[in-house]
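Novice: I am sharing run_31.txt, which consists of compact mmCIF, N, CA and C atoms:
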# COMPACT_ATOMS: atom_id res chain seq x y z
N MET T 1 98.96 62.60 144.81
CA MET T 1 98.60 61.56 145.75
C MET T 1 97.40 62.06 146.56
N GLN T 2 96.41 61.24 146.68
CA GLN T 2 95.23 61.59 147.45
C GLN T 2 95.03 60.53 148.53
N ILE T 3 94.74 61.01 149.75
CA ILE T 3 94.56 60.11 150.89
C ILE T 3 93.33 60.55 151.66
N GLU T 4 92.45 59.59 151.96
CA GLU T 4 91.38 59.86 152.90
C GLU T 4 91.75 59.11 154.17
N TYR T 5 91.73 59.81 155.31
CA TYR T 5 92.21 59.18 156.54
C TYR T 5 91.39 59.62 157.74
N ASN T 6 91.41 58.75 158.76
CA ASN T 6 90.85 59.09 160.07
C ASN T 6 91.96 59.73 160.87
N LEU T 7 91.61 60.59 161.81
CA LEU T 7 92.62 61.26 162.62
C LEU T 7 93.48 60.26 163.39
N SER T 8 92.95 59.08 163.67
CA SER T 8 93.74 58.04 164.35
C SER T 8 94.87 57.50 163.47
N GLU T 9 94.81 57.79 162.17
CA GLU T 9 95.83 57.32 161.22
C GLU T 9 96.84 58.42 160.85
N ILE T 10 96.81 59.52 161.56
CA ILE T 10 97.61 60.68 161.18
C ILE T 10 99.11 60.41 161.21
N SER T 11 99.55 59.53 162.08
CA SER T 11 100.97 59.19 162.15
C SER T 11 101.44 58.58 160.84
N ASP T 12 100.66 57.66 160.29
CA ASP T 12 101.01 57.03 159.01
C ASP T 12 101.00 58.05 157.87
N VAL T 13 100.04 58.97 157.90
CA VAL T 13 99.95 60.00 156.87
C VAL T 13 101.18 60.89 156.92
N ALA T 14 101.59 61.30 158.11
CA ALA T 14 102.77 62.16 158.26
C ALA T 14 104.02 61.45 157.75
N LYS T 15 104.18 60.19 158.09
CA LYS T 15 105.33 59.41 157.61
C LYS T 15 105.35 59.33 156.09
N LYS T 16 104.19 59.13 155.51
CA LYS T 16 104.10 59.02 154.04
C LYS T 16 104.47 60.34 153.37
N ILE T 17 103.99 61.45 153.92
CA ILE T 17 104.31 62.77 153.37
C ILE T 17 105.82 63.00 153.40
N ILE T 18 106.44 62.71 154.52
CA ILE T 18 107.89 62.88 154.65
C ILE T 18 108.61 62.02 153.63
N LYS T 19 108.17 60.79 153.47
CA LYS T 19 108.82 59.84 152.56
C LYS T 19 108.74 60.29 151.10
N VAL T 20 107.60 60.82 150.68
CA VAL T 20 107.42 61.17 149.26
C VAL T 20 107.84 62.59 148.93
N SER T 21 108.21 63.37 149.94
CA SER T 21 108.58 64.77 149.71
C SER T 21 110.00 64.89 149.16
N SER T 22 110.10 65.47 147.99
CA SER T 22 111.42 65.75 147.42
C SER T 22 111.86 67.16 147.82
N SER T 23 110.94 67.94 148.37
CA SER T 23 111.22 69.30 148.85
C SER T 23 110.91 69.34 150.34
N LYS T 24 111.63 70.17 151.06
CA LYS T 24 111.37 70.34 152.49
C LYS T 24 110.46 71.53 152.75
N THR T 25 109.92 72.12 151.69
CA THR T 25 108.96 73.22 151.83
C THR T 25 107.58 72.66 151.53
N LEU T 26 106.74 72.62 152.57
CA LEU T 26 105.39 72.08 152.44
C LEU T 26 104.39 73.18 152.71
N LEU T 27 103.47 73.36 151.77
CA LEU T 27 102.43 74.39 151.87
C LEU T 27 101.12 73.73 152.24
N PHE T 28 100.50 74.20 153.32
CA PHE T 28 99.27 73.59 153.82
C PHE T 28 98.09 74.51 153.56
N TYR T 29 97.15 74.00 152.76
CA TYR T 29 95.94 74.73 152.41
C TYR T 29 94.74 74.03 153.05
N GLY T 30 93.76 74.80 153.45
CA GLY T 30 92.54 74.23 154.00
C GLY T 30 91.84 75.27 154.85
N GLU T 31 90.55 75.09 155.00
CA GLU T 31 89.78 76.03 155.79
C GLU T 31 90.17 75.92 157.27
N MET T 32 89.75 76.89 158.03
CA MET T 32 89.96 76.89 159.48
C MET T 32 89.37 75.60 160.05
N GLY T 33 90.13 74.89 160.84
CA GLY T 33 89.62 73.67 161.47
C GLY T 33 89.76 72.41 160.62
N ALA T 34 90.39 72.52 159.46
CA ALA T 34 90.54 71.36 158.57
C ALA T 34 91.57 70.37 159.10
N GLY T 35 92.51 70.83 159.91
CA GLY T 35 93.51 69.92 160.47
C GLY T 35 94.93 70.20 160.03
N LYS T 36 95.19 71.40 159.54
CA LYS T 36 96.55 71.74 159.08
C LYS T 36 97.55 71.66 160.23
N THR T 37 97.24 72.32 161.33
CA THR T 37 98.17 72.33 162.48
C THR T 37 98.30 70.94 163.08
N THR T 38 97.23 70.19 163.13
CA THR T 38 97.27 68.83 163.67
C THR T 38 98.22 67.97 162.86
N LEU T 39 98.16 68.08 161.54
CA LEU T 39 99.06 67.31 160.69
C LEU T 39 100.50 67.80 160.84
N ILE T 40 100.69 69.10 160.92
CA ILE T 40 102.03 69.65 161.11
C ILE T 40 102.63 69.16 162.42
N LYS T 41 101.85 69.12 163.49
CA LYS T 41 102.33 68.60 164.78
C LYS T 41 102.89 67.19 164.60
N GLU T 42 102.18 66.37 163.86
CA GLU T 42 102.62 64.99 163.67
C GLU T 42 103.84 64.90 162.78
N ILE T 43 103.92 65.73 161.75
CA ILE T 43 105.11 65.74 160.89
C ILE T 43 106.33 66.15 161.70
N VAL T 44 106.20 67.18 162.53
CA VAL T 44 107.31 67.63 163.37
C VAL T 44 107.75 66.49 164.30
N LYS T 45 106.79 65.80 164.87
CA LYS T 45 107.10 64.66 165.75
C LYS T 45 107.83 63.57 164.97
N GLN T 46 107.37 63.26 163.77
CA GLN T 46 107.99 62.21 162.95
C GLN T 46 109.39 62.61 162.50
N LEU T 47 109.66 63.91 162.45
CA LEU T 47 111.00 64.40 162.10
C LEU T 47 111.94 64.38 163.30
N GLY T 48 111.44 63.87 164.43
CA GLY T 48 112.29 63.65 165.59
C GLY T 48 112.29 64.75 166.64
N SER T 49 111.42 65.73 166.52
CA SER T 49 111.39 66.81 167.50
C SER T 49 110.55 66.40 168.71
N LEU T 50 111.03 66.76 169.86
CA LEU T 50 110.29 66.54 171.10
C LEU T 50 109.61 67.81 171.58
N ASP T 51 109.76 68.89 170.81
CA ASP T 51 109.19 70.18 171.18
C ASP T 51 107.66 70.16 171.12
N LYS T 52 107.06 71.01 171.93
CA LYS T 52 105.60 71.19 171.90
C LYS T 52 105.28 72.08 170.69
N VAL T 53 104.44 71.59 169.83
CA VAL T 53 104.10 72.30 168.60
C VAL T 53 102.78 73.04 168.78
N SER T 54 102.78 74.32 168.44
CA SER T 54 101.56 75.11 168.45
C SER T 54 101.60 76.06 167.26
N SER T 55 100.45 76.51 166.87
CA SER T 55 100.37 77.39 165.70
C SER T 55 100.96 78.76 166.02
N PRO T 56 101.88 79.24 165.18
CA PRO T 56 102.50 80.55 165.40
C PRO T 56 101.68 81.70 164.84
N THR T 57 100.39 81.71 165.13
CA THR T 57 99.48 82.69 164.56
C THR T 57 99.93 84.13 164.79
N PHE T 58 100.41 84.43 165.98
CA PHE T 58 100.78 85.82 166.27
C PHE T 58 102.27 86.10 166.06
N SER T 59 103.11 85.08 166.21
CA SER T 59 104.55 85.29 166.02
C SER T 59 104.98 85.05 164.57
N LEU T 60 104.12 84.48 163.77
CA LEU T 60 104.32 84.13 162.36
C LEU T 60 105.19 82.90 162.17
N VAL T 61 106.19 82.66 163.02
CA VAL T 61 107.05 81.49 162.85
C VAL T 61 107.44 80.92 164.21
N ASN T 62 107.41 79.59 164.30
CA ASN T 62 107.95 78.86 165.44
C ASN T 62 109.08 77.99 164.93
N GLU T 63 110.10 77.84 165.75
CA GLU T 63 111.22 76.99 165.40
C GLU T 63 111.25 75.81 166.37
N TYR T 64 111.37 74.61 165.82
CA TYR T 64 111.44 73.40 166.63
C TYR T 64 112.78 72.73 166.38
N LYS T 65 113.28 72.07 167.39
CA LYS T 65 114.56 71.39 167.27
C LYS T 65 114.33 70.01 166.66
N GLY T 66 114.90 69.81 165.46
CA GLY T 66 114.85 68.51 164.82
C GLY T 66 116.06 67.69 165.24
N ILE T 67 116.20 66.50 164.72
CA ILE T 67 117.33 65.63 165.07
C ILE T 67 118.65 66.30 164.69
N ASN T 68 118.75 66.81 163.47
CA ASN T 68 119.98 67.44 163.00
C ASN T 68 119.84 68.92 162.70
N ASN T 69 118.65 69.35 162.35
CA ASN T 69 118.42 70.72 161.90
C ASN T 69 117.11 71.25 162.45
N PRO T 70 116.97 72.56 162.46
CA PRO T 70 115.70 73.12 162.92
C PRO T 70 114.57 72.86 161.91
N ILE T 71 113.36 72.92 162.43
CA ILE T 71 112.14 72.79 161.62
C ILE T 71 111.38 74.10 161.84
N PHE T 72 110.96 74.74 160.75
CA PHE T 72 110.27 76.02 160.85
C PHE T 72 108.79 75.85 160.50
N HIS T 73 107.94 76.43 161.32
CA HIS T 73 106.48 76.34 161.16
C HIS T 73 105.94 77.76 161.06
N PHE T 74 105.36 78.08 159.93
CA PHE T 74 104.83 79.42 159.67
C PHE T 74 103.31 79.40 159.64
N ASP T 75 102.71 80.47 160.11
CA ASP T 75 101.27 80.65 160.00
C ASP T 75 101.03 82.08 159.52
N PHE T 76 100.62 82.20 158.25
CA PHE T 76 100.44 83.51 157.65
C PHE T 76 98.96 83.90 157.54
N HIS T 77 98.13 83.32 158.39
CA HIS T 77 96.70 83.62 158.34
C HIS T 77 96.40 85.09 158.59
N ARG T 78 97.11 85.72 159.51
CA ARG T 78 96.78 87.07 159.93
C ARG T 78 97.59 88.17 159.25
N ILE T 79 98.53 87.83 158.37
CA ILE T 79 99.31 88.91 157.77
C ILE T 79 98.45 89.67 156.75
N GLU T 80 98.71 90.93 156.66
CA GLU T 80 97.95 91.77 155.74
C GLU T 80 98.75 92.14 154.51
N ASP T 81 100.06 91.96 154.59
CA ASP T 81 100.93 92.35 153.49
C ASP T 81 102.15 91.43 153.48
N GLU T 82 102.62 91.07 152.30
CA GLU T 82 103.78 90.18 152.20
C GLU T 82 105.03 90.79 152.83
N ASP T 83 105.06 92.11 152.98
CA ASP T 83 106.20 92.77 153.62
C ASP T 83 106.41 92.27 155.05
N GLU T 84 105.32 91.85 155.70
CA GLU T 84 105.44 91.31 157.06
C GLU T 84 106.28 90.04 157.05
N ALA T 85 106.16 89.24 156.00
CA ALA T 85 106.98 88.03 155.87
C ALA T 85 108.43 88.41 155.57
N TYR T 86 108.63 89.41 154.74
CA TYR T 86 109.99 89.92 154.49
C TYR T 86 110.65 90.35 155.80
N ASP T 87 109.88 91.02 156.64
CA ASP T 87 110.41 91.57 157.89
C ASP T 87 110.95 90.49 158.83
N ILE T 88 110.43 89.27 158.77
CA ILE T 88 110.94 88.20 159.63
C ILE T 88 112.03 87.38 158.93
N GLY T 89 112.39 87.80 157.71
CA GLY T 89 113.44 87.08 156.98
C GLY T 89 112.96 85.80 156.33
N PHE T 90 111.72 85.79 155.89
CA PHE T 90 111.10 84.58 155.33
C PHE T 90 111.93 83.95 154.22
N GLU T 91 112.47 84.76 153.33
CA GLU T 91 113.27 84.21 152.23
C GLU T 91 114.49 83.43 152.73
N GLU T 92 115.10 83.92 153.80
CA GLU T 92 116.26 83.23 154.38
C GLU T 92 115.87 81.88 154.95
N TYR T 93 114.70 81.81 155.56
CA TYR T 93 114.21 80.52 156.06
C TYR T 93 114.07 79.53 154.90
N LEU T 94 113.45 79.99 153.82
CA LEU T 94 113.23 79.11 152.66
C LEU T 94 114.56 78.65 152.05
N GLU T 95 115.52 79.53 152.02
CA GLU T 95 116.82 79.21 151.41
C GLU T 95 117.71 78.37 152.34
N SER T 96 117.28 78.15 153.57
CA SER T 96 118.08 77.39 154.53
C SER T 96 118.09 75.88 154.24
N HIS T 97 117.16 75.43 153.42
CA HIS T 97 117.00 74.01 153.07
C HIS T 97 116.62 73.15 154.28
N ASN T 98 116.08 73.79 155.30
CA ASN T 98 115.49 73.06 156.43
C ASN T 98 114.01 72.90 156.15
N TRP T 99 113.35 72.06 156.94
CA TRP T 99 111.91 71.89 156.76
C TRP T 99 111.20 73.20 157.06
N CYS T 100 110.36 73.64 156.12
CA CYS T 100 109.52 74.83 156.27
C CYS T 100 108.07 74.39 156.03
N LEU T 101 107.28 74.40 157.09
CA LEU T 101 105.89 73.96 157.05
C LEU T 101 105.03 75.22 157.15
N ILE T 102 104.28 75.52 156.09
CA ILE T 102 103.66 76.83 155.96
C ILE T 102 102.14 76.73 155.86
N GLU T 103 101.46 77.30 156.87
CA GLU T 103 100.01 77.41 156.83
C GLU T 103 99.61 78.73 156.19
N TRP T 104 98.54 78.74 155.44
CA TRP T 104 98.01 79.90 154.74
C TRP T 104 99.05 80.48 153.77
N PRO T 105 99.67 79.64 152.95
CA PRO T 105 100.70 80.12 152.01
C PRO T 105 100.16 81.06 150.94
N GLN T 106 98.88 81.03 150.69
CA GLN T 106 98.30 81.92 149.68
C GLN T 106 98.51 83.39 150.04
N ASN T 107 98.80 83.67 151.30
CA ASN T 107 99.02 85.05 151.73
C ASN T 107 100.45 85.53 151.48
N VAL T 108 101.34 84.63 151.05
CA VAL T 108 102.73 85.00 150.72
C VAL T 108 103.12 84.38 149.38
N GLU T 109 102.15 84.17 148.56
CA GLU T 109 102.30 83.47 147.30
C GLU T 109 103.47 83.96 146.44
N ASN T 110 103.69 85.25 146.39
CA ASN T 110 104.74 85.81 145.54
C ASN T 110 106.15 85.57 146.08
N LEU T 111 106.26 85.12 147.32
CA LEU T 111 107.57 84.92 147.94
C LEU T 111 108.02 83.46 147.91
N LEU T 112 107.15 82.57 147.48
CA LEU T 112 107.44 81.14 147.54
C LEU T 112 108.36 80.70 146.41
N LEU T 113 109.27 79.81 146.75
CA LEU T 113 110.19 79.24 145.76
C LEU T 113 109.46 78.19 144.92
N LEU T 114 110.05 77.83 143.81
CA LEU T 114 109.44 76.82 142.94
C LEU T 114 109.50 75.43 143.55
N ASP T 115 110.52 75.17 144.37
CA ASP T 115 110.72 73.85 144.96
C ASP T 115 109.86 73.71 146.22
N LYS T 116 108.64 73.18 146.04
CA LYS T 116 107.69 73.06 147.15
C LYS T 116 106.65 72.00 146.82
N HIS T 117 105.93 71.59 147.85
CA HIS T 117 104.79 70.69 147.67
C HIS T 117 103.56 71.34 148.29
N GLU T 118 102.42 71.13 147.67
CA GLU T 118 101.16 71.63 148.20
C GLU T 118 100.40 70.49 148.85
N ILE T 119 99.85 70.77 150.03
CA ILE T 119 99.01 69.81 150.73
C ILE T 119 97.68 70.48 151.00
N HIS T 120 96.64 69.96 150.37
CA HIS T 120 95.29 70.50 150.54
C HIS T 120 94.51 69.54 151.43
N ILE T 121 93.97 70.07 152.52
CA ILE T 121 93.23 69.25 153.48
C ILE T 121 91.80 69.75 153.57
N SER T 122 90.87 68.81 153.58
CA SER T 122 89.46 69.17 153.78
C SER T 122 88.81 68.15 154.71
N LYS T 123 87.81 68.63 155.44
CA LYS T 123 87.07 67.77 156.35
C LYS T 123 86.06 66.95 155.56
N VAL T 124 86.02 65.65 155.86
CA VAL T 124 85.02 64.77 155.27
C VAL T 124 83.97 64.45 156.34
N GLY T 125 84.40 64.46 157.57
CA GLY T 125 83.54 64.21 158.73
C GLY T 125 84.25 64.72 159.96
N GLU T 126 83.68 64.49 161.11
CA GLU T 126 84.27 64.98 162.36
C GLU T 126 85.70 64.46 162.57
N LEU T 127 85.94 63.19 162.25
CA LEU T 127 87.26 62.59 162.46
C LEU T 127 87.92 62.14 161.17
N LYS T 128 87.36 62.49 160.04
CA LYS T 128 87.88 62.05 158.75
C LYS T 128 88.31 63.24 157.91
N ARG T 129 89.44 63.08 157.22
CA ARG T 129 89.98 64.15 156.38
C ARG T 129 90.34 63.61 155.01
N ASN T 130 90.33 64.49 154.05
CA ASN T 130 90.79 64.19 152.70
C ASN T 130 92.03 65.05 152.45
N LEU T 131 93.09 64.45 151.97
CA LEU T 131 94.35 65.15 151.73
C LEU T 131 94.74 64.95 150.28
N ASN T 132 95.12 66.03 149.63
CA ASN T 132 95.61 65.98 148.27
C ASN T 132 97.04 66.54 148.29
N PHE T 133 98.01 65.71 147.96
CA PHE T 133 99.43 66.08 147.98
C PHE T 133 99.87 66.30 146.54
N LYS T 134 100.36 67.51 146.26
CA LYS T 134 100.81 67.85 144.90
C LYS T 134 102.30 68.07 144.89
N LYS T 135 102.98 67.36 144.01
CA LYS T 135 104.44 67.52 143.88
C LYS T 135 104.75 68.68 142.99
Kindly return the structure encoded in the file as structure tokens.
Specialist:
Amino acid sequence: MQIEYNLSEISDVAKKIIKVSSSKTLLFYGEMGAGKTTLIKEIVKQLGSLDKVSSPTFSLVNEYKGINNPIFHFDFHRIEDEDEAYDIGFEEYLESHNWCLIEWPQNVENLLLLDKHEIHISKVGELKRNLNFKK
């Protein structure tokens, strides 16, 4: 699925991603500033969380309270070795079957389960993005 959208339409994009996702593990790819965290904020909101969402760049993972279950947001931009993900119990998060929203997944590629979706985001303009959703 490919979507070109304005940032003002991000709510609809987040709803669509949730609707078409057969997996709760979403991998977000894109350059710095492409809008990965912005989209994750909206997905977390659409999943019913009232928590303030921010990128867990230094803590590696943030947990948000969902309606029934926690939502986990990972940012692996700064890790230097996959062992750092092991150290926080990354595999247990993935096996929890809760939403796992992962920025910079290429840095933990060997730890990812087969049941996942890839979301590639690129800037088309200042307020426009292109999203490619792979099942």
Novice: Can you work out which one of T:Ile10, T:Ile79, T:Cys100, T:Ala85 has the shortest atom-to-atom distance to T:Thr25, counting only N, CA and C atoms?
Specialist: T:Cys100
Novice: What does the distance between atom CA of T:Ser59 and atom C of T:Ser122 come to in Å, to one decimal place?
Specialist: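 About the pair atom CA of T:Ser59 and atom C of T:Ser122: they are 25.9 Å apart.
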Novice: To one decimal in Å, tell me the separation between atom CA of T:Asp51 and atom C of T:Tyr93.
Specialist: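 For atom CA of T:Asp51 relative to atom C of T:Tyr93, the distance reads 19.4 Å.
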Novice: Residues of stretch 19-117 of chain T in strand (DSSP E or B) according to DSSP, as a ChimeraX atom specification?
Specialist: /T:25-29,61-65,70-75,99-103,117
Novice: Nearest to T:Leu26: which of T:Val61, T:Met1, T:Ala14, T:Ile119 is it, counting all atoms listed in the file?
Specialist: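 Using all atoms listed in the file, the shortest distance to T:Leu26 belongs to T:Ile119.
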Novice: Write out as a list in words the residues lying within 7 Å of T:Lys123, counting all atoms listed in the file and excluding same-chain residues fewer than 5 positions away.
Specialist: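 Close residues of T:Lys123: Gly33, Ala34, Gly35, Lys128, Arg129 and Asn130 of chain T.
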Novice: Have stretch 114-127 of chain T completed to N, CA, C and O atoms, please, and pass it along as a compact mmCIF listing (two decimals), in the coordinates of the input.
Specialist:
# COMPACT_ATOMS: atom_id res chain seq x y z
N LEU T 114 110.05 77.83 143.81
CA LEU T 114 109.44 76.82 142.94
C LEU T 114 109.50 75.43 143.55
O LEU T 114 108.67 74.59 143.27
N ASP T 115 110.52 75.17 144.37
CA ASP T 115 110.72 73.85 144.96
C ASP T 115 109.86 73.71 146.22
O ASP T 115 110.26 74.10 147.31
N LYS T 116 108.64 73.18 146.04
CA LYS T 116 107.69 73.06 147.15
C LYS T 116 106.65 72.00 146.82
O LYS T 116 106.52 71.59 145.68
N HIS T 117 105.93 71.59 147.85
CA HIS T 117 104.79 70.69 147.67
C HIS T 117 103.56 71.34 148.29
O HIS T 117 103.66 72.01 149.32
N GLU T 118 102.42 71.13 147.67
CA GLU T 118 101.16 71.63 148.20
C GLU T 118 100.40 70.49 148.85
O GLU T 118 100.32 69.39 148.29
N ILE T 119 99.85 70.77 150.03
CA ILE T 119 99.01 69.81 150.73
C ILE T 119 97.68 70.48 151.00
O ILE T 119 97.60 71.47 151.73
N HIS T 120 96.64 69.96 150.37
CA HIS T 120 95.29 70.50 150.54
C HIS T 120 94.51 69.54 151.43
O HIS T 120 94.41 68.35 151.11
N ILE T 121 93.97 70.07 152.52
CA ILE T 121 93.23 69.25 153.48
C ILE T 121 91.80 69.75 153.57
O ILE T 121 91.55 70.95 153.64
N SER T 122 90.87 68.81 153.58
CA SER T 122 89.46 69.17 153.78
C SER T 122 88.81 68.15 154.71
O SER T 122 89.22 67.00 154.78
N LYS T 123 87.81 68.63 155.44
CA LYS T 123 87.07 67.77 156.35
C LYS T 123 86.06 66.95 155.56
O LYS T 123 85.34 67.48 154.72
N VAL T 124 86.02 65.65 155.86
CA VAL T 124 85.02 64.77 155.27
C VAL T 124 83.97 64.45 156.34
O VAL T 124 82.82 64.22 156.04
N GLY T 125 84.40 64.46 157.57
CA GLY T 125 83.54 64.21 158.73
C GLY T 125 84.25 64.72 159.96
O GLY T 125 85.33 65.31 159.87
N GLU T 126 83.68 64.49 161.11
CA GLU T 126 84.27 64.98 162.36
C GLU T 126 85.70 64.46 162.57
O GLU T 126 86.58 65.19 162.98
N LEU T 127 85.94 63.19 162.25
CA LEU T 127 87.26 62.59 162.46
C LEU T 127 87.92 62.14 161.17
O LEU T 127 88.94 61.46 161.20
